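Structure, as structure tokens:
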Amino acid sequence: MNAAIAKLPPPQQRALAVALLVVATVLALSAVLLPLYFLHKHYDDTIAAVSDRLERYRRVAAQAPEYRKALDAMREKDGRRFFLKNTAPNLAGAELQEYVRAAIEGNAGRITTSSNQGARDDGRFKQIIVTVQFFATTPALQKILHAIEAQPPYLVVENISIRPINAFRGFKPGPGQEPEVNVLLDVAGYAFAEPGKSAGK
């Protein structure tokens with residue numbers, strides 16, 4: 001290699017020397033600058049990603065007062081008032097029976113039997129059902145059904161059976177009297193599952 005270079009004329013030798021010097025310089029600079037460039041690019045990308053995340057967090061934080069207001073509004077609405085207060089099935093059943101009893105007796109109905117069915121799992125809640133049999137006039141029955149379903153907690157009449165008491169042909173109630181009917185109905189309410197228990201356990 002040195003012999004081949006020695007055969008070259010002096011101007012070409014100088015040009016080759018300069019070219020080799022340039023190549024050596026470029027390689028040396030590349031060895032130093034390329035790692036610095038990639039390190040700089042890595043930090044730039046990291047800073048950009050962190051800045052973007054920080055900006056998103058700032059936007060979310062700016063909405064915090066709005067979310068607090070919405071949460072306070074939900075608390076004021078008190079969603080739990082639509083559920084039975086008790087979480088134990090037997091206590092929730094007694095509570096439901098009391099609501100139904102008050103609705104019937106408060107509207108001139110006469111209860112003959114009342115019983116609880118077993119609680120049923122419904123996701124995070126327990127469905128509590130009470131079966132009640134009672135006598136009432138038709139207008140009183142309308143008021144009873146309205147009283148059961150129109151106020152919290154939410155109660156639902158799931159099944160109802162109505163039979164006239166005096167069903168023989170030609171029966172007419174006395175003047176100013178409403179005939180009574182025999183009513184059998186199932187009323188369902190919902191309670192939260194007992195603390196520490198879930199539907200899957």
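Letters for chains follow the order of the structure tokens (A, B, ...), residue numbers begin at 1 for each chain, and ligand numbers begin at 1 in the order shown.
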
Please report as a tab-separated table every residue of segment 113-148 of chain A lying within 9 Å of segment 85-98 of chain A, along with the nearest atom pair and their distance in Å (one decimal), using only C-alpha atoms.
residue	atom	partner	partner_atom	distance
A:Ser114	CA	A:Gln97	CA	7.6
A:Ser115	CA	A:Gln97	CA	8.0
A:Asn116	CA	A:Gly93	CA	6.2
A:Gln117	CA	A:Gly93	CA	8.3
A:Gly118	CA	A:Pro89	CA	8.0
A:Ala119	CA	A:Pro89	CA	6.1
A:Lys126	CA	A:Pro89	CA	7.7
A:Gln127	CA	A:Pro89	CA	8.8
A:Ile128	CA	A:Gly93	CA	6.1
A:Ile129	CA	A:Gly93	CA	7.2
A:Val130	CA	A:Gln97	CA	6.4
A:Thr131	CA	A:Gln97	CA	8.7
A:Val132	CA	A:Gln97	CA	8.6

Quiz item: Neighbours of Val181 of chain A within 8 Å (only C-alpha atoms; same-chain residues fewer than 2 positions away dropped), as a PyMOL selection string?
Solution: chain A and resi 135-138+162-165+179+183

Quiz item: Looking at A:Leu185, A:Ala140, A:Val18, A:Ala191, which one is nearest to Glu158 of chain A, with distances taken over only C-alpha atoms?
Solution: A:Leu185

Which segment 26-103 of chain A residues have any atom within 8 Å of an atom of segment 141-155 of chain A, and for each, what is the nearest pair of atoms with distance in Å to one decimal, counting only C-alpha atoms, rows sorted by chain and number, as a tab-separated table?
residue	atom	partner	partner_atom	distance
A:Arg81	CA	A:Pro153	CA	5.8
A:Phe82	CA	A:Pro153	CA	4.0
A:Phe83	CA	A:Pro153	CA	5.1
A:Leu84	CA	A:Pro153	CA	6.1
A:Tyr99	CA	A:Ile148	CA	7.6
A:Val100	CA	A:Ile148	CA	6.5
A:Ala103	CA	A:Ile144	CA	5.5

Practice problem: Could you check which of A:Leu33, A:Ala49, A:Ala188, A:Ala61 is closest to Val156 of chain A, using only C-alpha atoms? | Solution: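 Under the stated criterion, the closest residue is A:Ala188.
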
Quiz item: To one decimal place, how far is atom CA of Ser161 of chain A from atom CA of Leu184 of chain A in Å?
Solution: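 A separation of 5.1 Å between them.
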
Quiz item: Taking the backbone alone, and naming residues the way the document does, which bits of chain A are helix (DSSP H, G or I) by DSSP, as number ranges by chain?
Solution: A: 2-7, 10-62, 64-77, 79-82, 89-105, 138-149

According to DSSP computed on the backbone, where in segment 4-200 of chain A is there strand (DSSP E or B)? Give the residues as a PDB file with N, CA and C atoms, in the first residue's frame.
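File produced: out_24.pdb:
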ATOM      1  N   LEU A  84     -83.617   0.171  49.958  1.00  0.00           N
ATOM      2  CA  LEU A  84     -83.941  -0.122  51.348  1.00  0.00           C
ATOM      3  C   LEU A  84     -82.722   0.189  52.211  1.00  0.00           C
ATOM      4  N   ARG A 110    -107.200  -3.879  54.226  1.00  0.00           N
ATOM      5  CA  ARG A 110    -107.139  -4.770  55.390  1.00  0.00           C
ATOM      6  C   ARG A 110    -106.285  -5.978  55.018  1.00  0.00           C
ATOM      7  N   ILE A 111    -105.114  -6.071  55.643  1.00  0.00           N
ATOM      8  CA  ILE A 111    -104.176  -7.155  55.329  1.00  0.00           C
ATOM      9  C   ILE A 111    -104.636  -8.449  56.012  1.00  0.00           C
ATOM     10  N   THR A 112    -104.585  -9.548  55.236  1.00  0.00           N
ATOM     11  CA  THR A 112    -104.899 -10.860  55.817  1.00  0.00           C
ATOM     12  C   THR A 112    -103.624 -11.682  56.018  1.00  0.00           C
ATOM     13  N   THR A 113    -102.714 -11.655  55.058  1.00  0.00           N
ATOM     14  CA  THR A 113    -101.442 -12.372  55.213  1.00  0.00           C
ATOM     15  C   THR A 113    -100.310 -11.557  54.599  1.00  0.00           C
ATOM     16  N   SER A 114     -99.117 -11.769  55.132  1.00  0.00           N
ATOM     17  CA  SER A 114     -97.930 -11.091  54.604  1.00  0.00           C
ATOM     18  C   SER A 114     -96.725 -11.985  54.865  1.00  0.00           C
ATOM     19  N   SER A 115     -95.903 -12.194  53.848  1.00  0.00           N
ATOM     20  CA  SER A 115     -94.734 -13.064  54.022  1.00  0.00           C
ATOM     21  C   SER A 115     -93.588 -12.601  53.131  1.00  0.00           C
ATOM     22  N   ASN A 116     -92.380 -12.910  53.579  1.00  0.00           N
ATOM     23  CA  ASN A 116     -91.176 -12.573  52.804  1.00  0.00           C
ATOM     24  C   ASN A 116     -90.765 -13.758  51.957  1.00  0.00           C
ATOM     25  N   ARG A 120     -82.912 -12.352  46.489  1.00  0.00           N
ATOM     26  CA  ARG A 120     -82.264 -12.803  45.255  1.00  0.00           C
ATOM     27  C   ARG A 120     -81.103 -11.875  44.929  1.00  0.00           C
ATOM     28  N   ASP A 121     -79.995 -12.468  44.497  1.00  0.00           N
ATOM     29  CA  ASP A 121     -78.837 -11.665  44.077  1.00  0.00           C
ATOM     30  C   ASP A 121     -79.139 -11.000  42.755  1.00  0.00           C
ATOM     31  N   ASP A 122     -78.804  -9.714  42.649  1.00  0.00           N
ATOM     32  CA  ASP A 122     -78.969  -8.976  41.399  1.00  0.00           C
ATOM     33  C   ASP A 122     -77.766  -8.042  41.251  1.00  0.00           C
ATOM     34  N   PHE A 125     -76.621  -5.772  44.145  1.00  0.00           N
ATOM     35  CA  PHE A 125     -77.778  -5.538  44.997  1.00  0.00           C
ATOM     36  C   PHE A 125     -78.470  -6.846  45.347  1.00  0.00           C
ATOM     37  N   LYS A 126     -79.364  -6.755  46.321  1.00  0.00           N
ATOM     38  CA  LYS A 126     -80.237  -7.869  46.688  1.00  0.00           C
ATOM     39  C   LYS A 126     -81.667  -7.445  46.382  1.00  0.00           C
ATOM     40  N   GLN A 127     -82.387  -8.305  45.709  1.00  0.00           N
ATOM     41  CA  GLN A 127     -83.807  -8.039  45.466  1.00  0.00           C
ATOM     42  C   GLN A 127     -84.591  -8.691  46.599  1.00  0.00           C
ATOM     43  N   ILE A 128     -85.383  -7.892  47.280  1.00  0.00           N
ATOM     44  CA  ILE A 128     -86.191  -8.362  48.408  1.00  0.00           C
ATOM     45  C   ILE A 128     -87.649  -8.341  47.956  1.00  0.00           C
ATOM     46  N   ILE A 129     -88.376  -9.441  48.195  1.00  0.00           N
ATOM     47  CA  ILE A 129     -89.770  -9.529  47.734  1.00  0.00           C
ATOM     48  C   ILE A 129     -90.672  -9.898  48.901  1.00  0.00           C
ATOM     49  N   VAL A 130     -91.797  -9.192  48.975  1.00  0.00           N
ATOM     50  CA  VAL A 130     -92.816  -9.459  49.985  1.00  0.00           C
ATOM     51  C   VAL A 130     -94.116  -9.820  49.265  1.00  0.00           C
ATOM     52  N   THR A 131     -94.781 -10.866  49.728  1.00  0.00           N
ATOM     53  CA  THR A 131     -96.095 -11.245  49.195  1.00  0.00           C
ATOM     54  C   THR A 131     -97.153 -10.869  50.227  1.00  0.00           C
ATOM     55  N   VAL A 132     -98.168 -10.116  49.772  1.00  0.00           N
ATOM     56  CA  VAL A 132     -99.209  -9.621  50.687  1.00  0.00           C
ATOM     57  C   VAL A 132    -100.581  -9.925  50.109  1.00  0.00           C
ATOM     58  N   GLN A 133    -101.478 -10.359  50.974  1.00  0.00           N
ATOM     59  CA  GLN A 133    -102.880 -10.531  50.588  1.00  0.00           C
ATOM     60  C   GLN A 133    -103.721  -9.602  51.443  1.00  0.00           C
ATOM     61  N   PHE A 134    -104.658  -8.901  50.798  1.00  0.00           N
ATOM     62  CA  PHE A 134    -105.470  -7.938  51.552  1.00  0.00           C
ATOM     63  C   PHE A 134    -106.793  -7.692  50.839  1.00  0.00           C
ATOM     64  N   PHE A 135    -107.711  -7.050  51.564  1.00  0.00           N
ATOM     65  CA  PHE A 135    -108.997  -6.627  51.013  1.00  0.00           C
ATOM     66  C   PHE A 135    -108.984  -5.109  50.877  1.00  0.00           C
ATOM     67  N   ALA A 136    -109.589  -4.633  49.792  1.00  0.00           N
ATOM     68  CA  ALA A 136    -109.706  -3.177  49.592  1.00  0.00           C
ATOM     69  C   ALA A 136    -110.747  -2.916  48.518  1.00  0.00           C
ATOM     70  N   THR A 137    -111.314  -1.727  48.552  1.00  0.00           N
ATOM     71  CA  THR A 137    -112.207  -1.320  47.465  1.00  0.00           C
ATOM     72  C   THR A 137    -111.348  -0.935  46.256  1.00  0.00           C
ATOM     73  N   LEU A 155     -90.099   0.864  44.973  1.00  0.00           N
ATOM     74  CA  LEU A 155     -90.731  -0.439  45.138  1.00  0.00           C
ATOM     75  C   LEU A 155     -91.498  -0.740  43.854  1.00  0.00           C
ATOM     76  N   VAL A 156     -91.513  -1.997  43.482  1.00  0.00           N
ATOM     77  CA  VAL A 156     -92.151  -2.396  42.226  1.00  0.00           C
ATOM     78  C   VAL A 156     -93.149  -3.506  42.515  1.00  0.00           C
ATOM     79  N   VAL A 157     -94.388  -3.339  42.013  1.00  0.00           N
ATOM     80  CA  VAL A 157     -95.381  -4.409  42.096  1.00  0.00           C
ATOM     81  C   VAL A 157     -95.097  -5.365  40.945  1.00  0.00           C
ATOM     82  N   GLU A 158     -94.632  -6.572  41.287  1.00  0.00           N
ATOM     83  CA  GLU A 158     -94.215  -7.518  40.246  1.00  0.00           C
ATOM     84  C   GLU A 158     -95.367  -8.401  39.777  1.00  0.00           C
ATOM     85  N   ASN A 159     -96.187  -8.860  40.687  1.00  0.00           N
ATOM     86  CA  ASN A 159     -97.340  -9.702  40.335  1.00  0.00           C
ATOM     87  C   ASN A 159     -98.537  -9.214  41.124  1.00  0.00           C
ATOM     88  N   ILE A 160     -99.690  -9.264  40.481  1.00  0.00           N
ATOM     89  CA  ILE A 160    -100.913  -8.879  41.192  1.00  0.00           C
ATOM     90  C   ILE A 160    -102.057  -9.756  40.707  1.00  0.00           C
ATOM     91  N   SER A 161    -102.858 -10.207  41.648  1.00  0.00           N
ATOM     92  CA  SER A 161    -104.046 -11.003  41.341  1.00  0.00           C
ATOM     93  C   SER A 161    -105.215 -10.365  42.085  1.00  0.00           C
ATOM     94  N   ILE A 162    -106.282 -10.050  41.356  1.00  0.00           N
ATOM     95  CA  ILE A 162    -107.451  -9.379  41.951  1.00  0.00           C
ATOM     96  C   ILE A 162    -108.681 -10.247  41.716  1.00  0.00           C
ATOM     97  N   ARG A 163    -109.386 -10.563  42.800  1.00  0.00           N
ATOM     98  CA  ARG A 163    -110.612 -11.355  42.682  1.00  0.00           C
ATOM     99  C   ARG A 163    -111.740 -10.645  43.426  1.00  0.00           C
ATOM    100  N   PRO A 164    -112.895 -10.590  42.818  1.00  0.00           N
ATOM    101  CA  PRO A 164    -114.032  -9.990  43.541  1.00  0.00           C
ATOM    102  C   PRO A 164    -114.460 -10.900  44.683  1.00  0.00           C
ATOM    103  N   GLU A 180    -115.654  -4.674  47.735  1.00  0.00           N
ATOM    104  CA  GLU A 180    -114.252  -4.956  48.002  1.00  0.00           C
ATOM    105  C   GLU A 180    -113.751  -6.059  47.081  1.00  0.00           C
ATOM    106  N   VAL A 181    -112.430  -6.044  46.871  1.00  0.00           N
ATOM    107  CA  VAL A 181    -111.779  -7.107  46.101  1.00  0.00           C
ATOM    108  C   VAL A 181    -110.705  -7.740  46.981  1.00  0.00           C
ATOM    109  N   ASN A 182    -110.396  -8.994  46.637  1.00  0.00           N
ATOM    110  CA  ASN A 182    -109.340  -9.719  47.338  1.00  0.00           C
ATOM    111  C   ASN A 182    -108.080  -9.599  46.477  1.00  0.00           C
ATOM    112  N   VAL A 183    -107.036  -8.998  47.027  1.00  0.00           N
ATOM    113  CA  VAL A 183    -105.831  -8.698  46.244  1.00  0.00           C
ATOM    114  C   VAL A 183    -104.654  -9.510  46.789  1.00  0.00           C
ATOM    115  N   LEU A 184    -103.920 -10.130  45.866  1.00  0.00           N
ATOM    116  CA  LEU A 184    -102.678 -10.817  46.212  1.00  0.00           C
ATOM    117  C   LEU A 184    -101.588 -10.217  45.341  1.00  0.00           C
ATOM    118  N   LEU A 185    -100.570  -9.655  45.968  1.00  0.00           N
ATOM    119  CA  LEU A 185     -99.518  -9.034  45.144  1.00  0.00           C
ATOM    120  C   LEU A 185     -98.131  -9.279  45.722  1.00  0.00           C
ATOM    121  N   ASP A 186     -97.153  -9.254  44.817  1.00  0.00           N
ATOM    122  CA  ASP A 186     -95.739  -9.328  45.191  1.00  0.00           C
ATOM    123  C   ASP A 186     -95.141  -7.944  44.996  1.00  0.00           C
ATOM    124  N   VAL A 187     -94.470  -7.448  46.018  1.00  0.00           N
ATOM    125  CA  VAL A 187     -93.804  -6.145  45.947  1.00  0.00           C
ATOM    126  C   VAL A 187     -92.306  -6.378  46.116  1.00  0.00           C
ATOM    127  N   ALA A 188     -91.516  -5.819  45.198  1.00  0.00           N
ATOM    128  CA  ALA A 188     -90.058  -5.989  45.251  1.00  0.00           C
ATOM    129  C   ALA A 188     -89.396  -4.659  45.553  1.00  0.00           C
ATOM    130  N   GLY A 189     -88.356  -4.718  46.363  1.00  0.00           N
ATOM    131  CA  GLY A 189     -87.493  -3.567  46.633  1.00  0.00           C
ATOM    132  C   GLY A 189     -86.054  -4.032  46.524  1.00  0.00           C
ATOM    133  N   TYR A 190     -85.140  -3.092  46.510  1.00  0.00           N
ATOM    134  CA  TYR A 190     -83.720  -3.445  46.367  1.00  0.00           C
ATOM    135  C   TYR A 190     -82.928  -2.915  47.549  1.00  0.00           C
ATOM    136  N   ALA A 191     -81.959  -3.728  47.969  1.00  0.00           N
ATOM    137  CA  ALA A 191     -81.047  -3.341  49.047  1.00  0.00           C
ATOM    138  C   ALA A 191     -79.628  -3.569  48.562  1.00  0.00           C
ATOM    139  N   PHE A 192     -78.694  -2.782  49.083  1.00  0.00           N
ATOM    140  CA  PHE A 192     -77.288  -3.022  48.776  1.00  0.00           C
ATOM    141  C   PHE A 192     -76.864  -4.335  49.412  1.00  0.00           C
TER     142      PHE A 192
END

Quiz prompt | Between atom CA of Gly109 of chain A and atom CA of Pro139 of chain A, distance in Å (one decimal) | solution = 10.4 Å

Quiz prompt | Length of the atom CA of Ala193 of chain A to atom CA of Arg80 of chain A vector [Å] | solution =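 Going from atom CA of Ala193 of chain A over to atom CA of Arg80 of chain A covers 12.4 Å.
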